[in-house]
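> Pasting final33.tsv here (TSV, C-alpha atoms):
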```tsv
chain	number	residue	atom	x	y	z
N	25	GLN	CA	7.63	1.60	2.78
N	26	SER	CA	4.34	0.94	4.59
N	27	ALA	CA	3.26	-2.63	5.23
N	28	LEU	CA	-0.26	-1.46	4.28
N	29	THR	CA	-0.83	-0.12	0.77
N	30	GLN	CA	-3.31	2.65	-0.01
N	31	PRO	CA	-3.85	4.54	-3.26
N	32	PRO	CA	-2.18	7.96	-2.98
N	33	SER	CA	-5.25	9.79	-4.18
N	34	ALA	CA	-9.00	9.47	-4.67
N	35	SER	CA	-11.67	11.89	-5.77
N	36	GLY	CA	-15.38	12.32	-6.24
N	37	SER	CA	-18.03	14.97	-6.76
N	38	PRO	CA	-20.36	16.16	-4.00
N	39	GLY	CA	-23.05	13.58	-3.33
N	40	GLN	CA	-21.10	10.71	-4.89
N	41	SER	CA	-19.54	7.74	-3.08
N	42	VAL	CA	-15.83	6.98	-2.91
N	43	THR	CA	-14.09	3.85	-1.61
N	44	ILE	CA	-10.50	3.83	-0.37
N	45	SER	CA	-8.69	0.51	-0.14
N	46	CYS	CA	-6.02	-0.67	2.28
N	47	THR	CA	-4.17	-3.86	1.35
N	48	GLY	CA	-1.57	-5.90	3.18
N	49	THR	CA	-0.82	-9.23	4.77
N	50	ARG	CA	-1.23	-7.68	8.22
N	51	ILE	CA	-4.91	-7.14	7.43
N	52	ASP	CA	-5.57	-10.79	6.66
N	53	VAL	CA	-3.18	-12.74	8.77
N	54	ASP	CA	-3.01	-11.29	12.23
N	55	SER	CA	-4.98	-8.06	12.57
N	56	ASP	CA	-7.56	-9.70	14.87
N	57	ASN	CA	-10.04	-7.31	13.22
N	58	TYR	CA	-8.18	-4.37	14.75
N	59	VAL	CA	-8.40	-2.27	11.59
N	60	SER	CA	-9.10	1.44	11.99
N	61	TRP	CA	-9.35	4.51	9.77
N	62	TYR	CA	-8.34	8.10	10.46
N	63	GLN	CA	-9.18	11.42	8.82
N	64	GLN	CA	-6.61	14.21	8.88
N	65	HIS	CA	-7.18	17.75	7.71
N	66	PRO	CA	-4.11	19.91	6.99
N	67	GLY	CA	-2.45	21.18	10.14
N	68	LYS	CA	-4.70	19.09	12.40
N	69	ALA	CA	-4.30	15.92	14.43
N	70	PRO	CA	-5.83	12.76	12.96
N	71	LYS	CA	-9.39	11.84	13.95
N	72	LEU	CA	-10.71	8.31	14.43
N	73	MET	CA	-13.45	7.55	11.89
N	74	ILE	CA	-13.76	3.72	11.97
N	75	TYR	CA	-12.51	1.12	14.44
N	76	GLU	CA	-12.66	-2.67	14.55
N	77	VAL	CA	-13.09	-2.78	10.74
N	78	SER	CA	-16.60	-1.31	10.59
N	79	GLU	CA	-17.56	0.38	13.86
N	80	ARG	CA	-18.16	4.14	13.99
N	81	PRO	CA	-17.31	6.20	17.07
N	82	SER	CA	-20.01	8.43	18.44
N	83	GLY	CA	-20.29	11.61	16.41
N	84	VAL	CA	-18.95	10.22	13.13
N	85	PRO	CA	-21.59	10.53	10.38
N	86	ASP	CA	-23.06	7.28	9.07
N	87	ARG	CA	-21.87	8.35	5.61
N	88	PHE	CA	-18.59	6.73	6.66
N	89	SER	CA	-18.46	2.94	6.61
N	90	GLY	CA	-15.77	0.28	6.76
N	91	SER	CA	-15.43	-3.30	5.60
N	92	LYS	CA	-12.85	-6.04	5.11
N	93	SER	CA	-12.44	-8.90	2.66
N	94	GLY	CA	-9.39	-11.12	2.75
N	95	ASN	CA	-6.30	-8.94	2.96
N	96	THR	CA	-8.07	-5.73	1.94
N	97	ALA	CA	-9.90	-3.28	4.20
N	98	SER	CA	-12.00	-0.50	2.71
N	99	LEU	CA	-13.39	2.85	3.77
N	100	THR	CA	-16.44	4.12	1.89
N	101	VAL	CA	-17.58	7.71	2.09
N	102	SER	CA	-21.12	8.14	0.77
N	103	GLY	CA	-22.81	11.42	-0.10
N	104	LEU	CA	-19.50	13.24	-0.37
N	105	GLN	CA	-19.35	16.68	1.19
N	106	ALA	CA	-16.76	19.42	0.84
N	107	GLU	CA	-15.58	18.90	4.43
N	108	ASP	CA	-14.68	15.28	3.64
N	109	GLU	CA	-11.67	16.52	1.66
N	110	ALA	CA	-8.74	15.33	3.75
N	111	ALA	CA	-6.08	12.63	4.03
N	112	TYR	CA	-7.27	9.21	5.20
N	113	TYR	CA	-5.07	6.58	6.84
N	114	CYS	CA	-5.77	2.96	7.61
N	115	SER	CA	-4.11	1.20	10.52
N	116	SER	CA	-3.82	-2.42	11.56
N	117	TYR	CA	-2.83	-3.68	15.00
N	118	SER	CA	-1.26	-7.09	15.40
N	119	GLY	CA	-2.08	-9.05	18.52
N	120	SER	CA	0.84	-11.36	17.83
N	121	ASN	CA	3.57	-8.74	18.25
N	122	ASN	CA	1.53	-6.00	19.92
N	123	LEU	CA	2.49	-3.40	17.37
N	124	GLY	CA	0.61	-1.49	14.76
N	125	VAL	CA	1.24	-0.15	11.28
N	126	PHE	CA	-0.27	2.62	9.16
N	127	GLY	CA	-0.99	2.75	5.48
N	128	GLY	CA	0.73	5.44	3.44
N	129	GLY	CA	-2.40	7.59	3.33
N	130	THR	CA	-4.90	8.62	0.64
N	131	LYS	CA	-5.62	12.24	-0.24
N	132	LEU	CA	-9.35	12.53	-0.93
N	133	THR	CA	-10.37	15.44	-3.15
N	134	VAL	CA	-13.97	16.57	-3.45
N	135	LEU	CA	-14.28	17.96	-6.97
Z	27	GLN	CA	-14.23	15.36	28.21
Z	28	VAL	CA	-11.10	13.45	27.30
Z	29	GLN	CA	-8.14	15.71	26.52
Z	30	LEU	CA	-4.49	15.09	25.76
Z	31	VAL	CA	-2.36	18.24	25.92
Z	32	GLN	CA	1.22	18.09	24.70
Z	33	SER	CA	4.26	20.24	25.39
Z	34	GLY	CA	5.44	22.87	22.93
Z	35	THR	CA	7.70	23.03	19.90
Z	36	GLU	CA	11.28	21.85	20.28
Z	37	VAL	CA	14.37	22.70	18.23
Z	38	LYS	CA	17.37	20.42	18.80
Z	39	LYS	CA	20.80	19.86	17.32
Z	40	PRO	CA	21.82	16.50	15.87
Z	41	GLY	CA	22.93	14.13	18.60
Z	42	ALA	CA	20.83	15.78	21.30
Z	43	SER	CA	17.81	14.35	23.13
Z	44	VAL	CA	14.24	15.55	23.39
Z	45	LYS	CA	11.48	14.74	25.88
Z	46	VAL	CA	7.87	15.45	24.94
Z	47	SER	CA	5.06	15.39	27.50
Z	48	CYS	CA	1.39	14.52	27.13
Z	49	LYS	CA	-0.97	15.40	29.99
Z	50	ALA	CA	-4.23	13.46	30.05
Z	51	SER	CA	-7.51	14.51	31.63
Z	52	GLY	CA	-11.16	13.52	31.60
Z	53	TYR	CA	-10.70	9.78	32.13
Z	54	SER	CA	-8.99	7.25	34.40
Z	55	PHE	CA	-5.37	7.52	33.23
Z	56	THR	CA	-4.32	4.03	34.28
Z	57	SER	CA	-7.22	2.36	32.45
Z	58	TYR	CA	-5.78	2.93	28.96
Z	59	ASP	CA	-2.52	2.56	27.10
Z	60	ILE	CA	-0.89	5.61	25.55
Z	61	SER	CA	0.66	5.38	22.11
Z	62	TRP	CA	2.98	7.75	20.25
Z	63	VAL	CA	2.81	8.40	16.53
Z	64	ARG	CA	5.02	10.65	14.45
Z	65	GLN	CA	4.57	12.39	11.12
Z	66	ALA	CA	7.39	13.96	9.15
Z	67	PRO	CA	6.38	17.17	7.31
Z	68	GLY	CA	4.24	16.27	4.31
Z	69	GLN	CA	4.51	12.55	5.03
Z	70	GLY	CA	2.33	9.80	6.49
Z	71	LEU	CA	1.81	8.50	10.01
Z	72	GLU	CA	4.31	6.22	11.72
Z	73	TRP	CA	3.97	4.22	14.94
Z	74	VAL	CA	6.60	4.99	17.57
Z	75	GLY	CA	5.35	2.65	20.29
Z	76	TRP	CA	3.00	2.36	23.25
Z	77	ILE	CA	3.06	2.19	27.02
Z	78	SER	CA	0.62	0.73	29.50
Z	79	ALA	CA	-0.31	3.47	31.94
Z	80	TYR	CA	-1.36	0.69	34.32
Z	81	ASN	CA	1.92	-1.21	34.68
Z	82	GLY	CA	4.49	0.61	32.52
Z	83	ASN	CA	4.89	-2.19	29.97
Z	84	THR	CA	6.17	-0.85	26.67
Z	85	ASN	CA	6.58	-1.88	23.06
Z	86	TYR	CA	8.58	0.07	20.49
Z	87	GLU	CA	8.77	0.21	16.73
Z	88	GLN	CA	11.88	-1.75	15.79
Z	89	LYS	CA	13.60	1.03	13.86
Z	90	LEU	CA	13.54	3.28	16.94
Z	91	GLN	CA	14.41	0.60	19.47
Z	92	GLY	CA	17.33	1.73	21.62
Z	93	ARG	CA	16.77	5.44	21.00
Z	94	VAL	CA	13.24	5.92	22.35
Z	95	THR	CA	11.87	5.54	25.86
Z	96	LEU	CA	8.24	5.91	26.88
Z	97	THR	CA	7.33	6.58	30.50
Z	98	THR	CA	4.35	7.71	32.53
Z	99	ASP	CA	3.79	9.61	35.79
Z	100	THR	CA	0.49	8.37	37.18
Z	101	SER	CA	0.52	11.05	39.92
Z	102	THR	CA	0.10	13.74	37.25
Z	103	SER	CA	-1.58	11.63	34.52
Z	104	THR	CA	1.25	12.51	32.17
Z	105	ALA	CA	3.00	10.41	29.55
Z	106	TYR	CA	6.46	11.15	28.20
Z	107	MET	CA	8.40	10.25	25.09
Z	108	GLU	CA	12.17	10.67	25.08
Z	109	LEU	CA	14.11	10.33	21.84
Z	110	ARG	CA	17.91	10.30	21.94
Z	111	SER	CA	20.73	10.69	19.40
Z	112	LEU	CA	18.51	12.87	17.27
Z	113	ARG	CA	19.12	13.05	13.54
Z	114	SER	CA	17.56	15.16	10.80
Z	115	GLY	CA	15.23	12.29	9.87
Z	116	ASP	CA	13.61	12.59	13.28
Z	117	THR	CA	12.17	16.01	12.37
Z	118	ALA	CA	8.42	15.47	12.68
Z	119	PHE	CA	5.23	16.19	14.53
Z	120	TYR	CA	4.98	13.79	17.46
Z	121	TYR	CA	1.48	12.90	18.63
Z	122	CYS	CA	0.35	11.07	21.73
Z	123	ALA	CA	-2.91	9.17	21.43
Z	124	ARG	CA	-5.04	7.08	23.76
Z	125	LEU	CA	-5.13	3.46	22.67
Z	126	SER	CA	-8.65	2.10	23.03
Z	127	ASN	CA	-9.64	-1.43	24.00
Z	128	TYR	CA	-10.11	-2.05	20.26
Z	129	ARG	CA	-6.49	-1.01	19.64
Z	130	SER	CA	-7.44	2.16	17.81
Z	131	PHE	CA	-6.39	5.70	18.66
Z	132	ASP	CA	-9.59	7.26	19.94
Z	133	TYR	CA	-8.22	10.57	21.30
Z	134	TRP	CA	-5.18	12.50	20.11
Z	135	GLY	CA	-2.98	15.25	21.46
Z	136	GLN	CA	-2.50	18.38	19.40
Z	137	GLY	CA	0.99	17.32	18.31
Z	138	THR	CA	4.47	18.60	19.13
Z	139	LEU	CA	6.85	19.69	16.37
Z	140	VAL	CA	10.40	18.51	16.94
Z	141	THR	CA	12.91	20.04	14.54
Z	142	VAL	CA	16.44	18.64	14.36
Z	143	SER	CA	18.83	21.03	12.71
Z	144	SER	CA	22.41	22.13	13.08
```
Write out the structure in this file as structure tokens.

Amino acid sequence: QSALTQPPSASGSPGQSVTISCTGTRIDVDSDNYVSWYQQHPGKAPKLMIYEVSERPSGVPDRFSGSKSGNTASLTVSGLQAEDEAAYYCSSYSGSNNLGVFGGGTKLTVL
Amino acid sequence: QVQLVQSGTEVKKPGASVKVSCKASGYSFTSYDISWVRQAPGQGLEWVGWISAYNGNTNYEQKLQGRVTLTTDTSTSTAYMELRSLRSGDTAFYYCARLSNYRSFDYWGQGTLVTVSS
């Protein structure tokens, strides 16, 4: 069982916004803000979408945003597009034991 | 451009060992850590561990401690993951990924499928 909890599924219609949560003590206690989010399409390697809670790598659309409050991190996808349909994983890295953990993943469906 | 290219599919019997390679290009290899992540078919992502390409320091996920060894060859900019005493539960795609200064995986290899079957 993952130390980070994500809803197994989420959905929205094109143009709508969807928020995916990621909850766990690792987020609040010792993540040192090293929370990241990954998008994975079937048969492909994961892709970094958000790092350090809310930073976007170059090339990631600004429709993707991240935030954190207490022990919950969130990924929001605004203006949903068909190509956003994928699995999304959160990850937290602990500076105290120098190890990371993933959430169980959320399958996002664009209706 | 940064690229991580992994070795090909492996099929092993229970109890055997496997060694997967990950050749890096497009950046200074010793400036970043390399991490390994695995994903069983249809399942989520799981940390395996990481290695400093600068000094060889390692850290492993506790459940794999004792069976996994991460190494690097700086002369060829290649990272390796060896997993021993394979069992059916080790069947998975194994990915190498560059670990950024913000402790996120900013570049990924294409993945290597390791199948453990008698």
> Distance cut-off 9 Å, counting all atoms listed in the file - which residues of chain Z neighbour chain N? Return them as a list in words.
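So the residues of chain Z near chain N are Gln69, Gly70, Leu71, Glu72, Trp73, Gly75, Trp76, Asn85, Tyr86, Glu87, Tyr121, Tyr128, Arg129, Ser130, Phe131, Asp132, Tyr133, Trp134, Gly135, Gln136 and Gly137 of chain Z.
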> Can you tell me, as an MDAnalysis selection string, what residues are no more than 9 Å from Asp59 in chain Z when counting all atoms listed in the file, ignoring any on the same chain fewer than 3 positions away?
chainID Z and resid 55:56 76:80 123:127
> With a distance cut-off of 7 Å and all atoms listed in the file, select the neighbouring residues of Ala66 in chain Z, excluding the residue or stretch itself and same-chain residues fewer than 3 positions from it, and output the selection as an MDAnalysis selection string.
chainID Z and resid 69 117:119
> Would you kindly return, as number ranges by chain, each protein, DNA or RNA residue with an atom no farther than 12 Å from any atom of Gln105 in chain N, considering only C-alpha atoms and excluding same-chain residues fewer than 5 positions away?
N: 35-42, 85, 87-88, 110, 132-135
> If I take CA of Glu36 in chain Z and CA of Ser51 in chain Z, how far is one from the other in Å, to one decimal?
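Result for CA of Glu36 in chain Z versus CA of Ser51 in chain Z: 23.1 Å, one decimal.
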> As a compact mmCIF listing (two decimals), in the frame of the given file, please: range 41-52 of chain Z completed to all heavy atoms.

```txt
# COMPACT_ATOMS: atom_id res chain seq x y z
N GLY Z 41 22.25 14.77 17.49
CA GLY Z 41 22.93 14.13 18.60
C GLY Z 41 22.31 14.42 19.95
O GLY Z 41 22.60 13.70 20.92
N ALA Z 42 21.47 15.42 20.03
CA ALA Z 42 20.83 15.78 21.30
C ALA Z 42 19.65 14.86 21.58
O ALA Z 42 19.34 13.96 20.80
CB ALA Z 42 20.37 17.23 21.25
N SER Z 43 19.01 15.10 22.74
CA SER Z 43 17.81 14.35 23.13
C SER Z 43 16.65 15.30 23.29
O SER Z 43 16.84 16.51 23.50
CB SER Z 43 18.05 13.62 24.46
OG SER Z 43 19.10 12.69 24.35
N VAL Z 44 15.45 14.76 23.19
CA VAL Z 44 14.24 15.55 23.39
C VAL Z 44 13.26 14.73 24.22
O VAL Z 44 13.22 13.50 24.11
CB VAL Z 44 13.60 15.97 22.05
CG1 VAL Z 44 13.02 14.77 21.30
CG2 VAL Z 44 12.53 17.03 22.26
N LYS Z 45 12.51 15.41 25.08
CA LYS Z 45 11.48 14.74 25.88
C LYS Z 45 10.18 15.52 25.73
O LYS Z 45 10.11 16.70 26.07
CB LYS Z 45 11.90 14.67 27.35
CG LYS Z 45 11.05 13.74 28.19
CD LYS Z 45 11.69 13.52 29.56
CE LYS Z 45 10.94 12.47 30.38
NZ LYS Z 45 11.60 12.19 31.67
N VAL Z 46 9.18 14.86 25.19
CA VAL Z 46 7.87 15.45 24.94
C VAL Z 46 6.88 14.92 25.97
O VAL Z 46 6.86 13.72 26.25
CB VAL Z 46 7.39 15.13 23.51
CG1 VAL Z 46 6.02 15.74 23.25
CG2 VAL Z 46 8.40 15.63 22.48
N SER Z 47 6.06 15.81 26.51
CA SER Z 47 5.06 15.39 27.50
C SER Z 47 3.65 15.42 26.94
O SER Z 47 3.37 16.13 25.95
CB SER Z 47 5.14 16.27 28.75
OG SER Z 47 4.73 17.59 28.45
N CYS Z 48 2.77 14.66 27.57
CA CYS Z 48 1.39 14.52 27.13
C CYS Z 48 0.53 14.37 28.38
O CYS Z 48 0.54 13.31 29.02
CB CYS Z 48 1.30 13.28 26.23
SG CYS Z 48 -0.37 12.73 25.83
N LYS Z 49 -0.18 15.43 28.76
CA LYS Z 49 -0.97 15.40 29.99
C LYS Z 49 -2.41 15.04 29.67
O LYS Z 49 -3.07 15.70 28.86
CB LYS Z 49 -0.92 16.75 30.70
CG LYS Z 49 -1.67 16.74 32.05
CD LYS Z 49 -1.41 17.98 32.85
CE LYS Z 49 -2.24 17.99 34.12
NZ LYS Z 49 -1.93 16.82 35.00
N ALA Z 50 -2.89 13.98 30.30
CA ALA Z 50 -4.23 13.46 30.05
C ALA Z 50 -5.21 13.95 31.11
O ALA Z 50 -4.84 14.14 32.27
CB ALA Z 50 -4.20 11.93 30.04
N SER Z 51 -6.45 14.14 30.70
CA SER Z 51 -7.51 14.51 31.63
C SER Z 51 -8.84 14.00 31.10
O SER Z 51 -8.97 13.68 29.92
CB SER Z 51 -7.56 16.03 31.82
OG SER Z 51 -7.83 16.69 30.60
N GLY Z 52 -9.82 13.91 32.00
CA GLY Z 52 -11.16 13.52 31.60
C GLY Z 52 -11.44 12.03 31.60
O GLY Z 52 -12.53 11.61 31.18
```
